[in-house]
file model.cif (mmCIF, C-alpha atoms)
data_data
loop_
_atom_site.label_atom_id
_atom_site.label_comp_id
_atom_site.auth_asym_id
_atom_site.auth_seq_id
_atom_site.Cartn_x
_atom_site.Cartn_y
_atom_site.Cartn_z
CA MET A 181 90.01 -153.98 24.95
CA THR A 182 89.06 -155.99 28.06
CA ARG A 183 89.21 -154.55 31.57
CA ARG A 184 92.00 -157.00 32.40
CA THR A 185 94.11 -155.93 29.41
CA GLU A 186 93.62 -152.25 30.27
CA THR A 187 94.63 -152.91 33.87
CA LEU A 188 97.69 -154.94 32.86
CA LEU A 189 98.74 -152.11 30.53
CA TRP A 190 98.42 -149.72 33.48
CA VAL A 191 100.64 -152.02 35.56
CA ALA A 192 103.13 -152.24 32.66
CA GLN A 193 103.27 -148.46 32.47
CA ARG A 194 104.02 -148.11 36.19
CA ALA A 195 106.60 -150.91 36.09
CA SER A 196 108.33 -149.42 33.02
CA ALA A 197 108.34 -146.03 34.76
CA ALA A 198 110.27 -147.58 37.64
CA VAL A 199 112.79 -149.08 35.19
CA LEU A 200 113.06 -145.73 33.38
CA ALA A 201 113.75 -143.90 36.65
CA VAL A 202 116.86 -146.05 37.21
CA CYS A 203 117.97 -145.88 33.54
CA VAL A 204 117.63 -142.08 33.40
CA LEU A 205 119.63 -141.68 36.61
CA VAL A 206 122.46 -143.90 35.31
CA HIS A 207 122.33 -142.10 31.93
CA LEU A 208 122.51 -138.61 33.45
CA ALA A 209 125.18 -139.53 36.00
CA THR A 210 127.29 -141.04 33.24
CA ILE A 211 126.94 -137.95 31.05
CA ILE A 212 127.96 -135.64 33.90
CA TYR A 213 130.90 -137.90 34.80
CA ALA A 214 132.08 -138.52 31.23
CA VAL A 215 131.70 -135.05 29.78
CA GLN A 216 134.15 -133.38 32.20
CA GLY A 217 137.01 -131.98 30.14
CA GLY A 218 135.08 -132.30 26.89
CA LEU A 219 133.88 -135.31 24.96
CA THR A 220 134.07 -136.42 21.33
CA GLY A 221 132.12 -138.98 19.33
CA ALA A 222 135.25 -141.09 19.05
CA GLU A 223 135.64 -141.14 22.84
CA ILE A 224 132.05 -142.27 23.33
CA LEU A 225 132.39 -145.01 20.75
CA ALA A 226 135.64 -146.16 22.35
CA ARG A 227 133.72 -146.78 25.57
CA THR A 228 130.58 -148.30 24.12
CA ARG A 229 131.92 -150.50 21.29
CA GLY A 230 131.92 -154.11 22.35
CA ASN A 231 130.77 -153.22 25.86
CA ILE A 232 127.99 -155.65 26.66
CA ALA A 233 127.02 -153.89 29.93
CA TRP A 234 126.23 -150.59 28.17
CA ALA A 235 124.46 -152.38 25.33
CA ALA A 236 122.32 -154.26 27.87
CA LEU A 237 121.49 -151.12 29.88
CA TYR A 238 120.48 -149.10 26.84
CA SER A 239 118.52 -152.00 25.36
CA VAL A 240 116.50 -152.18 28.58
CA PHE A 241 116.12 -148.36 28.46
CA VAL A 242 114.80 -148.48 24.89
CA LEU A 243 112.38 -151.33 25.60
CA ALA A 244 111.06 -149.55 28.70
CA VAL A 245 110.44 -146.44 26.58
CA ALA A 246 108.68 -148.54 23.93
CA VAL A 247 106.34 -149.92 26.64
CA HIS A 248 105.87 -146.69 28.59
CA ALA A 249 105.32 -144.04 25.94
CA PRO A 250 102.55 -145.66 23.85
CA ILE A 251 100.47 -146.46 26.96
CA GLY A 252 100.71 -142.83 28.09
CA LEU A 253 99.88 -141.68 24.58
CA LYS A 254 96.77 -143.89 24.68
CA ALA A 255 95.31 -141.73 27.48
CA VAL A 256 96.43 -138.49 25.81
CA LEU A 257 94.74 -139.44 22.53
CA ALA A 258 91.54 -140.44 24.35
CA GLU A 259 91.29 -137.40 26.61
CA TRP A 260 92.54 -134.65 24.28
CA PHE A 261 91.33 -135.89 20.91
CA GLY A 262 88.56 -138.34 21.82
CA TRP A 263 90.34 -141.07 19.85
CA ARG A 264 89.51 -144.48 21.33
CA GLY A 265 89.03 -147.97 19.93
CA ARG A 266 90.82 -150.46 17.74
CA ALA A 267 92.33 -148.08 15.17
CA ARG A 268 94.01 -146.07 17.94
CA ASP A 269 95.33 -149.24 19.60
CA LEU A 270 96.76 -150.53 16.31
CA ALA A 271 98.40 -147.15 15.64
CA LEU A 272 99.96 -147.29 19.11
CA ILE A 273 101.27 -150.82 18.56
CA VAL A 274 102.94 -149.55 15.37
CA PHE A 275 104.33 -146.60 17.36
CA ALA A 276 105.72 -148.99 20.00
CA VAL A 277 107.38 -151.17 17.35
CA VAL A 278 108.90 -148.11 15.64
CA LEU A 279 110.24 -146.79 18.96
CA ALA A 280 111.75 -150.16 19.87
CA GLY A 281 113.14 -150.68 16.36
CA MET A 282 114.77 -147.26 16.05
CA GLY A 283 116.07 -147.34 19.62
CA LEU A 284 117.59 -150.80 19.34
CA GLN A 285 119.15 -149.82 16.02
CA ALA A 286 120.80 -146.86 17.75
CA VAL A 287 122.07 -149.14 20.54
CA ARG A 288 123.50 -151.51 17.92
CA GLY A 289 125.09 -148.52 16.17
CA VAL A 290 127.22 -147.59 19.19
CA PHE A 291 127.87 -151.20 20.23
CA ALA A 292 128.95 -152.84 16.97
CA MET E 132 82.41 -104.07 53.80
CA ASN E 133 80.60 -102.61 50.78
CA ALA E 134 76.91 -101.76 51.23
CA THR E 135 75.98 -103.92 48.26
CA LEU E 136 77.31 -106.90 46.39
CA LYS E 137 77.33 -107.20 42.60
CA VAL E 138 76.35 -110.76 41.79
CA ARG E 139 76.54 -112.38 38.36
CA VAL E 140 74.15 -115.34 38.23
CA TRP E 141 73.81 -117.93 35.47
CA ARG E 142 70.35 -117.78 33.89
CA GLY E 143 68.87 -120.26 31.41
CA ASP E 144 70.15 -123.65 30.27
CA ALA E 145 73.52 -124.50 28.71
CA ALA E 146 72.95 -121.76 26.12
CA GLY E 147 72.14 -119.17 28.80
CA ALA E 148 74.17 -116.23 30.06
CA PHE E 149 75.11 -114.42 33.27
CA ARG E 150 72.79 -111.69 34.56
CA GLU E 151 73.90 -109.20 37.16
CA TYR E 152 72.02 -108.39 40.39
CA GLU E 153 72.73 -106.03 43.24
CA VAL E 154 72.26 -107.57 46.65
CA PRO E 155 72.56 -105.81 50.06
CA ARG E 156 75.53 -107.00 52.12
CA ARG E 157 74.78 -108.38 55.56
CA GLU E 158 76.77 -109.69 58.49
CA SER E 159 77.69 -113.42 58.25
CA GLN E 160 75.99 -113.63 54.86
CA THR E 161 76.36 -116.93 52.98
CA VAL E 162 76.25 -117.37 49.22
CA LEU E 163 72.97 -119.26 49.69
CA ASP E 164 71.58 -116.19 51.50
CA VAL E 165 72.56 -114.12 48.45
CA VAL E 166 70.90 -116.50 45.98
CA SER E 167 67.78 -116.70 48.19
CA HIS E 168 67.59 -112.90 48.36
CA ILE E 169 67.68 -112.68 44.57
CA GLN E 170 64.92 -115.27 44.23
CA ARG E 171 62.71 -113.79 46.97
CA ALA E 172 63.21 -110.06 46.44
CA LEU E 173 64.51 -109.45 42.94
CA ASP E 174 63.59 -112.20 40.53
CA PRO E 175 61.19 -115.00 41.57
CA THR E 176 61.85 -116.93 38.34
CA LEU E 177 65.37 -117.88 39.50
CA ALA E 178 65.69 -121.66 39.88
CA TYR E 179 68.10 -123.13 42.45
CA ARG E 180 68.20 -126.06 44.82
CA PHE E 181 68.66 -126.24 48.59
CA ALA E 182 67.18 -128.06 51.57
CA CYS E 183 68.87 -128.14 54.97
CA ARG E 184 70.90 -124.86 54.91
CA VAL E 185 73.39 -126.31 57.41
CA GLY E 186 75.74 -128.51 55.39
CA MET E 187 74.01 -131.83 55.89
CA CYS E 188 72.08 -132.52 52.70
CA GLY E 189 74.55 -131.54 49.98
CA SER E 190 71.91 -130.17 47.62
CA CYS E 191 73.00 -126.51 47.38
CA ALA E 192 76.37 -127.04 45.67
CA MET E 193 77.09 -124.49 42.93
CA THR E 194 80.10 -122.97 41.21
CA VAL E 195 81.05 -119.87 43.18
CA ASN E 196 83.71 -117.62 41.63
CA GLY E 197 84.88 -120.53 39.51
CA ALA E 198 85.09 -123.21 42.21
CA PRO E 199 82.46 -125.77 43.30
CA ARG E 200 81.22 -125.18 46.86
CA TRP E 201 78.32 -125.75 49.21
CA THR E 202 76.70 -122.33 49.06
CA CYS E 203 75.14 -122.73 52.54
CA ARG E 204 78.54 -123.12 54.18
CA THR E 205 80.36 -120.52 52.11
CA HIS E 206 80.50 -117.07 53.63
CA VAL E 207 80.51 -114.18 51.20
CA ASP E 208 83.45 -112.70 53.14
CA ARG E 209 85.61 -115.65 52.11
CA VAL E 210 84.89 -115.65 48.38
CA ALA E 211 83.75 -112.20 47.20
CA ARG E 212 86.47 -110.35 45.32
CA GLY E 213 86.11 -106.57 45.25
CA GLY E 214 82.44 -106.81 46.22
CA ARG E 215 81.73 -109.17 43.31
CA LEU E 216 80.44 -112.70 43.18
CA GLU E 217 79.77 -115.08 40.31
CA VAL E 218 77.37 -117.99 40.86
CA ALA E 219 76.90 -120.72 38.24
CA PRO E 220 75.56 -124.29 38.22
CA LEU E 221 77.94 -127.18 38.96
CA ARG E 222 80.41 -127.90 36.16
CA ASN E 223 80.51 -131.34 34.42
CA LEU E 224 76.75 -131.82 34.75
CA PRO E 225 73.99 -130.79 32.31
CA VAL E 226 72.20 -127.58 33.30
CA ILE E 227 68.44 -127.94 33.73
CA ARG E 228 67.82 -124.26 34.36
CA ASP E 229 69.67 -121.39 36.04
CA LEU E 230 71.58 -122.85 39.02
CA VAL E 231 70.02 -126.31 38.90
CA ALA E 232 72.22 -129.09 37.51
CA ASP E 233 70.91 -132.46 36.35
CA MET E 234 72.32 -134.98 38.87
CA ARG E 235 71.10 -138.15 37.12
CA GLU E 236 74.38 -139.09 35.45
CA PHE E 237 76.25 -138.43 38.70
CA PHE E 238 74.11 -140.89 40.67
CA ASP E 239 73.85 -143.41 37.80
CA LYS E 240 77.63 -143.63 37.96
CA TRP E 241 77.46 -144.63 41.65
CA ALA E 242 75.35 -147.59 40.52
CA ARG E 243 77.71 -148.30 37.60
CA ALA E 244 80.70 -148.33 39.99
CA GLY E 245 79.05 -151.09 42.05
CA GLY E 246 77.98 -148.68 44.76
CA GLN E 247 75.28 -151.00 46.13
CA PHE E 248 76.02 -153.09 49.23
CA LYS E 249 75.80 -156.81 48.42
CA GLY E 250 75.48 -158.94 51.53
CA ASP E 251 75.47 -162.74 51.68
CA ARG E 252 73.78 -163.22 55.05
CA SER E 253 70.14 -163.47 55.92
CA ARG E 254 68.23 -162.36 59.01
CA HIS E 255 68.74 -165.87 60.40
CA ASP E 256 72.53 -165.52 60.46
CA GLU E 257 74.60 -164.02 63.24
CA PHE E 258 75.49 -160.34 63.08
CA ALA E 259 78.78 -159.66 61.34
CA ARG E 260 81.38 -158.53 63.84
CA VAL E 261 83.72 -155.88 62.47
CA SER E 262 86.32 -154.59 64.86
CA PRO E 263 86.44 -150.77 64.94
CA GLN E 264 90.23 -151.18 65.14
CA SER E 265 90.57 -153.29 61.99
CA GLU E 266 92.54 -151.75 59.12
CA LYS E 267 89.73 -152.26 56.62
CA ARG E 268 87.21 -150.64 58.93
CA GLY E 269 89.56 -147.66 59.22
CA LEU E 270 89.83 -147.36 55.44
CA ALA E 271 86.06 -147.57 55.02
CA ASP E 272 85.55 -145.00 57.80
CA ALA E 273 87.87 -142.56 56.00
CA GLY E 274 85.49 -142.32 53.04
CA ILE E 275 82.07 -143.17 54.48
CA GLU E 276 80.90 -139.63 55.33
CA CYS E 277 80.27 -138.65 51.68
CA ILE E 278 76.82 -137.10 51.25
CA GLY E 279 76.79 -137.06 47.45
CA CYS E 280 76.89 -133.32 46.84
CA ALA E 281 78.88 -133.69 43.55
CA VAL E 282 81.38 -130.95 44.47
CA CYS E 283 84.25 -133.39 43.77
CA TYR E 284 82.67 -134.49 40.48
CA SER E 285 82.35 -130.89 39.41
CA ALA E 286 85.97 -130.16 40.39
CA CYS E 287 87.38 -133.16 38.49
CA ASP E 288 89.24 -132.38 35.26
CA VAL E 289 89.23 -136.03 34.21
CA VAL E 290 85.40 -135.97 34.14
CA ALA E 291 85.63 -132.85 31.97
CA ARG E 292 87.93 -134.68 29.51
CA ASN E 293 86.26 -138.09 29.63
CA PRO E 294 82.48 -137.88 30.23
CA ASP E 295 82.33 -141.65 30.85
CA TYR E 296 84.74 -141.42 33.79
CA LEU E 297 82.95 -142.61 36.93
CA GLY E 298 84.27 -139.72 39.00
CA PRO E 299 85.63 -139.32 42.54
CA ALA E 300 82.39 -139.78 44.52
CA ALA E 301 81.34 -143.05 42.86
CA LEU E 302 84.86 -144.46 43.14
CA ASN E 303 85.11 -143.34 46.78
CA ARG E 304 81.85 -145.19 47.45
CA ALA E 305 83.19 -148.32 45.72
CA TRP E 306 86.34 -148.12 47.86
CA THR E 307 84.36 -148.02 51.11
CA LEU E 308 82.52 -151.17 50.00
CA VAL E 309 85.75 -152.91 48.92
CA ASN E 310 86.78 -152.46 52.56
CA ASP E 311 83.43 -153.57 53.99
CA GLU E 312 84.09 -157.03 55.36
CA ARG E 313 80.38 -157.93 55.11
CA ASP E 314 80.18 -157.21 51.39
CA ALA E 315 80.26 -160.12 48.94
CA GLY E 316 80.23 -158.24 45.64
CA ASN E 317 83.85 -157.25 45.24
CA ALA E 318 84.70 -159.35 42.17
CA ASP E 319 82.02 -157.57 40.13
CA ARG E 320 82.82 -154.21 41.76
CA LEU E 321 86.52 -154.35 40.87
CA ARG E 322 85.57 -155.23 37.30
CA ALA E 323 83.23 -152.23 37.26
CA VAL E 324 85.83 -149.73 38.45
CA ALA E 325 88.70 -150.96 36.24
CA GLY E 326 89.32 -149.70 32.74
CA ASP E 327 89.21 -146.48 30.77
CA ALA E 328 86.17 -145.07 32.58
CA GLY E 329 87.29 -146.20 36.02
CA CYS E 330 89.95 -145.62 38.66
CA LEU E 331 92.92 -146.12 36.32
CA SER E 332 92.04 -142.89 34.50
CA CYS E 333 92.54 -140.74 37.62
CA HIS E 334 95.44 -138.33 37.10
CA THR E 335 95.84 -137.65 40.82
CA HIS E 336 95.28 -133.91 40.31
CA MET E 337 93.58 -134.02 43.74
CA SER E 338 91.03 -131.34 42.89
CA CYS E 339 88.37 -133.61 44.47
CA THR E 340 90.33 -133.83 47.71
CA GLU E 341 91.01 -130.10 47.75
CA ARG E 342 87.35 -129.21 47.21
CA CYS E 343 85.53 -131.87 49.26
CA PRO E 344 83.53 -129.94 51.90
CA LYS E 345 83.67 -132.99 54.19
CA ALA E 346 87.49 -133.06 53.95
CA LEU E 347 87.45 -136.60 52.55
CA SER E 348 90.15 -137.80 50.17
CA PRO E 349 88.62 -139.54 47.15
CA THR E 350 92.15 -139.48 45.69
CA ALA E 351 93.35 -141.83 48.44
CA GLY E 352 90.38 -144.14 47.84
CA ILE E 353 91.02 -144.17 44.10
CA ALA E 354 94.69 -144.99 44.73
CA GLY E 355 93.50 -147.92 46.87
CA LEU E 356 91.20 -149.08 44.07
CA LYS E 357 94.09 -148.89 41.58
CA ARG E 358 96.13 -151.24 43.77
CA ALA E 359 93.20 -153.61 44.31
CA VAL E 360 92.38 -153.69 40.59
CA ALA E 361 96.05 -154.25 39.64
CA VAL E 362 96.37 -157.16 42.07
CA ALA E 363 93.12 -158.69 40.77
CA ALA E 364 94.32 -158.36 37.15
CA LEU E 365 97.70 -159.96 37.93
CA ARG E 366 95.92 -162.86 39.66
CA GLY E 367 93.62 -163.30 36.67
CA GLU E 368 90.56 -162.43 38.75
CA LEU E 369 89.42 -159.40 36.75
#
call {"tool": "encode", "arguments": {"input": "model.cif", "output": "structure tokens"}}
result
Amino acid sequence: MTRRTETLLWVAQRASAAVLAVCVLVHLATIIYAVQGGLTGAEILARTRGNIAWAALYSVFVLAVAVHAPIGLKAVLAEWFGWRGRARDLALIVFAVVLAGMGLQAVRGVFA
Amino acid sequence: MNATLKVRVWRGDAAGAFREYEVPRRESQTVLDVVSHIQRALDPTLAYRFACRVGMCGSCAMTVNGAPRWTCRTHVDRVARGGRLEVAPLRNLPVIRDLVADMREFFDKWARAGGQFKGDRSRHDEFARVSPQSEKRGLADAGIECIGCAVCYSACDVVARNPDYLGPAALNRAWTLVNDERDAGNADRLRAVAGDAGCLSCHTHMSCTERCPKALSPTAGIAGLKRAVAVAALRGEL
């Protein structure tokens, strides 16, 4: 991996962290607001189904996670397990795709 | 104050062990005084390193009760617990013998981080004029007093995890040069300090800043390098 790629990944991790900070705040505030007086699966689906704004927010949330987590894991694998190089990077790309795929599927599940 | 001090001292190379000595306590005694007493009065085979004895040369740094310190400027009163002291060589560096650490890798990393000044003027040019009030001069001043004692390097957990990591002192040096308006080597220097072994690996634990005997903040310098490297990468200059 070139120095430039490594640095751009570092920037991407910081930028995705900033996005995550906003998403987590909105997510937590919504939970606290919505859960008052109890909450059922049907109630949640009634709010999210067909709601483009929620689908957009959670899609951004999922994509930010898919960018942020694998880059952090890259350092953890290197420092704790000494795993560096191409095989690790490929494994992390697969991890990112799985995170994005599963997350977006979940978003679709509550939207459609 | 106890009449004597029980001192555990590392003996041998990496496969060595601690040996205990009993040293008389004295007024205003430093850890270097203790080590010198052992070598002069109890065991002349003890190897350790010192030169100035007054906190100028940076050669007497050792691990005292688990933390890296200049032994010449560390009073026994401040660090002895229950009349006991443990003295070991600096962490994160190979042990040559007893309390002497091999500093080669530490200084090689200064070179690898682009720690050499690269000017582009000759003796025929005018002197460079750098205002003492300029922001860059201020940033360089904040880190320039490093004397290369390796206390920060020994305190750094990232070095312990990633032996290729350049470390706080080398990166601090690079940061002072990035802010030196006379220097012409910044493109290469930023390339040298980017990447897995460079500034981006710093976890901002701040152990270097906490331990630096000169009260410098390598953490602040490394944060500056991170910004400089990120800007260079986004501009395609890395």
call {"tool": "interface_residues", "arguments": {"input": "model.cif", "of": "chain A", "to": "chain E", "cutoff": "10 Å", "atoms": "all atoms listed in the file", "output": "list of chain:residue names"}}
result
A:Met181, A:Thr182, A:Arg183, A:Arg184, A:Thr185, A:Glu186, A:Thr187, A:Leu188, A:Leu189, A:Trp190, A:Val191, A:Ala255, A:Ala258, A:Glu259, A:Trp260, A:Phe261, A:Gly262, A:Arg264
call {"tool": "resolve_selection", "arguments": {"input": "model.cif", "expression": "the PyMOL selection byres ((chain A and resi 196) around 9)", "output": "PyMOL selection string"}}
result
chain A and resi 191-195+197-201+243-245+247-248
call {"tool": "write_last_selection", "arguments": {"input": "model.cif", "atoms": "C-alpha atoms", "output": "PDB file, in the frame of the given file"}}
result
ATOM      1  CA  VAL A 191     100.640-152.020  35.560  1.00  0.00           C
ATOM      2  CA  ALA A 192     103.130-152.240  32.660  1.00  0.00           C
ATOM      3  CA  GLN A 193     103.270-148.460  32.470  1.00  0.00           C
ATOM      4  CA  ARG A 194     104.020-148.110  36.190  1.00  0.00           C
ATOM      5  CA  ALA A 195     106.600-150.910  36.090  1.00  0.00           C
ATOM      6  CA  ALA A 197     108.340-146.030  34.760  1.00  0.00           C
ATOM      7  CA  ALA A 198     110.270-147.580  37.640  1.00  0.00           C
ATOM      8  CA  VAL A 199     112.790-149.080  35.190  1.00  0.00           C
ATOM      9  CA  LEU A 200     113.060-145.730  33.380  1.00  0.00           C
ATOM     10  CA  ALA A 201     113.750-143.900  36.650  1.00  0.00           C
ATOM     11  CA  LEU A 243     112.380-151.330  25.600  1.00  0.00           C
ATOM     12  CA  ALA A 244     111.060-149.550  28.700  1.00  0.00           C
ATOM     13  CA  VAL A 245     110.440-146.440  26.580  1.00  0.00           C
ATOM     14  CA  VAL A 247     106.340-149.920  26.640  1.00  0.00           C
ATOM     15  CA  HIS A 248     105.870-146.690  28.590  1.00  0.00           C
TER      16      HIS A 248
END
call {"tool": "residues_around", "arguments": {"input": "model.cif", "residues": "E:Arg313", "least_positions_apart": "2", "cutoff": "9 Å", "atoms": "all atoms listed in the file", "output": "PDB file with C-alpha atoms, in the frame of the given file"}}
result
ATOM      1  CA  PHE E 248      76.020-153.090  49.230  1.00  0.00           C
ATOM      2  CA  LYS E 249      75.800-156.810  48.420  1.00  0.00           C
ATOM      3  CA  GLY E 250      75.480-158.940  51.530  1.00  0.00           C
ATOM      4  CA  ASP E 251      75.470-162.740  51.680  1.00  0.00           C
ATOM      5  CA  ARG E 252      73.780-163.220  55.050  1.00  0.00           C
ATOM      6  CA  ALA E 259      78.780-159.660  61.340  1.00  0.00           C
ATOM      7  CA  ARG E 260      81.380-158.530  63.840  1.00  0.00           C
ATOM      8  CA  VAL E 261      83.720-155.880  62.470  1.00  0.00           C
ATOM      9  CA  LEU E 308      82.520-151.170  50.000  1.00  0.00           C
ATOM     10  CA  ASN E 310      86.780-152.460  52.560  1.00  0.00           C
ATOM     11  CA  ASP E 311      83.430-153.570  53.990  1.00  0.00           C
ATOM     12  CA  ALA E 315      80.260-160.120  48.940  1.00  0.00           C
TER      13      ALA E 315
END
call {"tool": "resolve_selection", "arguments": {"input": "model.cif", "expression": "the PyMOL selection byres ((chain E and resi 342) around 9)", "output": "count of residues only"}}
result
15
call {"tool": "residues_around", "arguments": {"input": "model.cif", "residues": "A:Phe275", "least_positions_apart": "5", "cutoff": "10 Å", "atoms": "all atoms listed in the file", "output": "list in words"}}
result
Ala246, Ala249, Pro250, Leu253, Asp269, Leu270, Ala280 and Gly281 of chain A
call {"tool": "atom_distance", "arguments": {"input": "model.cif", "atom1": "atom CA of E:Gly279", "atom2": "atom CA of E:Phe258"}}
result
28.1 Å
call {"tool": "atom_distance", "arguments": {"input": "model.cif", "atom1": "atom CA of A:Tyr238", "atom2": "atom CA of A:Gly289"}}
result
11.6 Å
call {"tool": "resolve_selection", "arguments": {"input": "model.cif", "expression": "the PyMOL selection byres ((chain E and resi 275) around 10)", "output": "NGL selection string"}}
result
:E and (269-274 or 276-278 or 303-304 or 306-308 or 347)
call {"tool": "residues_around", "arguments": {"input": "model.cif", "residues": "A:Ala236", "least_positions_apart": "5", "cutoff": "9 Å", "atoms": "only C-alpha atoms", "output": "JSON, numbers by chain"}}
result
{"A": [231, 241, 287]}
call {"tool": "atom_distance", "arguments": {"input": "model.cif", "atom1": "atom CA of E:Gly186", "atom2": "atom CA of E:Val210"}}
result
17.3 Å
call {"tool": "residues_around", "arguments": {"input": "model.cif", "residues": "E:Asp233", "least_positions_apart": "3", "cutoff": "12 Å", "atoms": "all atoms listed in the file", "output": "VMD selection string"}}
result
chain E and resid 144 to 145 179 to 180 190 220 to 230 236 to 239 281 285
call {"tool": "decode", "arguments": {"input": "model.cif", "residues": "stretch 316-323 of chain E", "atoms": "all heavy atoms", "output": "PDB file, in the first residue's frame"}}
result
ATOM      1  N   GLY E 316      13.348  20.536   2.198  1.00  0.00           N
ATOM      2  CA  GLY E 316      13.178  19.088   2.018  1.00  0.00           C
ATOM      3  C   GLY E 316      11.840  18.536   2.477  1.00  0.00           C
ATOM      4  O   GLY E 316      11.731  17.339   2.776  1.00  0.00           O
ATOM      5  N   ASN E 317      10.821  19.393   2.521  1.00  0.00           N
ATOM      6  CA  ASN E 317       9.574  18.940   3.146  1.00  0.00           C
ATOM      7  C   ASN E 317       8.782  17.906   2.352  1.00  0.00           C
ATOM      8  O   ASN E 317       8.075  17.095   2.944  1.00  0.00           O
ATOM      9  CB  ASN E 317       8.682  20.122   3.497  1.00  0.00           C
ATOM     10  CG  ASN E 317       9.024  20.653   4.865  1.00  0.00           C
ATOM     11  OD1 ASN E 317       9.533  19.914   5.705  1.00  0.00           O
ATOM     12  ND2 ASN E 317       8.781  21.938   5.099  1.00  0.00           N
ATOM     13  N   ALA E 318       8.881  17.942   1.017  1.00  0.00           N
ATOM     14  CA  ALA E 318       8.121  16.961   0.225  1.00  0.00           C
ATOM     15  C   ALA E 318       8.585  15.552   0.599  1.00  0.00           C
ATOM     16  O   ALA E 318       7.777  14.667   0.906  1.00  0.00           O
ATOM     17  CB  ALA E 318       8.318  17.223  -1.253  1.00  0.00           C
ATOM     18  N   ASP E 319       9.900  15.354   0.608  1.00  0.00           N
ATOM     19  CA  ASP E 319      10.453  14.036   0.976  1.00  0.00           C
ATOM     20  C   ASP E 319      10.160  13.722   2.445  1.00  0.00           C
ATOM     21  O   ASP E 319       9.886  12.586   2.805  1.00  0.00           O
ATOM     22  CB  ASP E 319      11.971  14.011   0.768  1.00  0.00           C
ATOM     23  CG  ASP E 319      12.313  14.003  -0.702  1.00  0.00           C
ATOM     24  OD1 ASP E 319      11.437  13.610  -1.497  1.00  0.00           O
ATOM     25  OD2 ASP E 319      13.440  14.398  -1.058  1.00  0.00           O
ATOM     26  N   ARG E 320      10.250  14.736   3.299  1.00  0.00           N
ATOM     27  CA  ARG E 320      10.067  14.517   4.737  1.00  0.00           C
ATOM     28  C   ARG E 320       8.629  14.060   5.035  1.00  0.00           C
ATOM     29  O   ARG E 320       8.427  13.121   5.795  1.00  0.00           O
ATOM     30  CB  ARG E 320      10.399  15.798   5.501  1.00  0.00           C
ATOM     31  CG  ARG E 320      10.359  15.626   7.011  1.00  0.00           C
ATOM     32  CD  ARG E 320      10.955  16.821   7.700  1.00  0.00           C
ATOM     33  NE  ARG E 320      12.349  17.012   7.359  1.00  0.00           N
ATOM     34  CZ  ARG E 320      12.833  18.067   6.734  1.00  0.00           C
ATOM     35  NH1 ARG E 320      12.023  19.051   6.393  1.00  0.00           N
ATOM     36  NH2 ARG E 320      14.117  18.148   6.446  1.00  0.00           N
ATOM     37  N   LEU E 321       7.659  14.713   4.398  1.00  0.00           N
ATOM     38  CA  LEU E 321       6.262  14.318   4.653  1.00  0.00           C
ATOM     39  C   LEU E 321       6.013  12.897   4.165  1.00  0.00           C
ATOM     40  O   LEU E 321       5.278  12.132   4.785  1.00  0.00           O
ATOM     41  CB  LEU E 321       5.298  15.303   3.993  1.00  0.00           C
ATOM     42  CG  LEU E 321       5.235  16.682   4.647  1.00  0.00           C
ATOM     43  CD1 LEU E 321       4.226  17.580   3.934  1.00  0.00           C
ATOM     44  CD2 LEU E 321       4.868  16.586   6.122  1.00  0.00           C
ATOM     45  N   ARG E 322       6.645  12.544   3.046  1.00  0.00           N
ATOM     46  CA  ARG E 322       6.527  11.161   2.549  1.00  0.00           C
ATOM     47  C   ARG E 322       7.128  10.203   3.585  1.00  0.00           C
ATOM     48  O   ARG E 322       6.590   9.135   3.849  1.00  0.00           O
ATOM     49  CB  ARG E 322       7.271  11.037   1.216  1.00  0.00           C
ATOM     50  CG  ARG E 322       6.567  10.119   0.226  1.00  0.00           C
ATOM     51  CD  ARG E 322       7.139  10.304  -1.170  1.00  0.00           C
ATOM     52  NE  ARG E 322       6.753  11.566  -1.767  1.00  0.00           N
ATOM     53  CZ  ARG E 322       7.607  12.437  -2.329  1.00  0.00           C
ATOM     54  NH1 ARG E 322       8.897  12.186  -2.358  1.00  0.00           N
ATOM     55  NH2 ARG E 322       7.162  13.566  -2.836  1.00  0.00           N
ATOM     56  N   ALA E 323       8.233  10.609   4.176  1.00  0.00           N
ATOM     57  CA  ALA E 323       8.925   9.732   5.135  1.00  0.00           C
ATOM     58  C   ALA E 323       8.123   9.507   6.413  1.00  0.00           C
ATOM     59  O   ALA E 323       8.197   8.440   7.012  1.00  0.00           O
ATOM     60  CB  ALA E 323      10.298  10.320   5.473  1.00  0.00           C
TER      61      ALA E 323
END
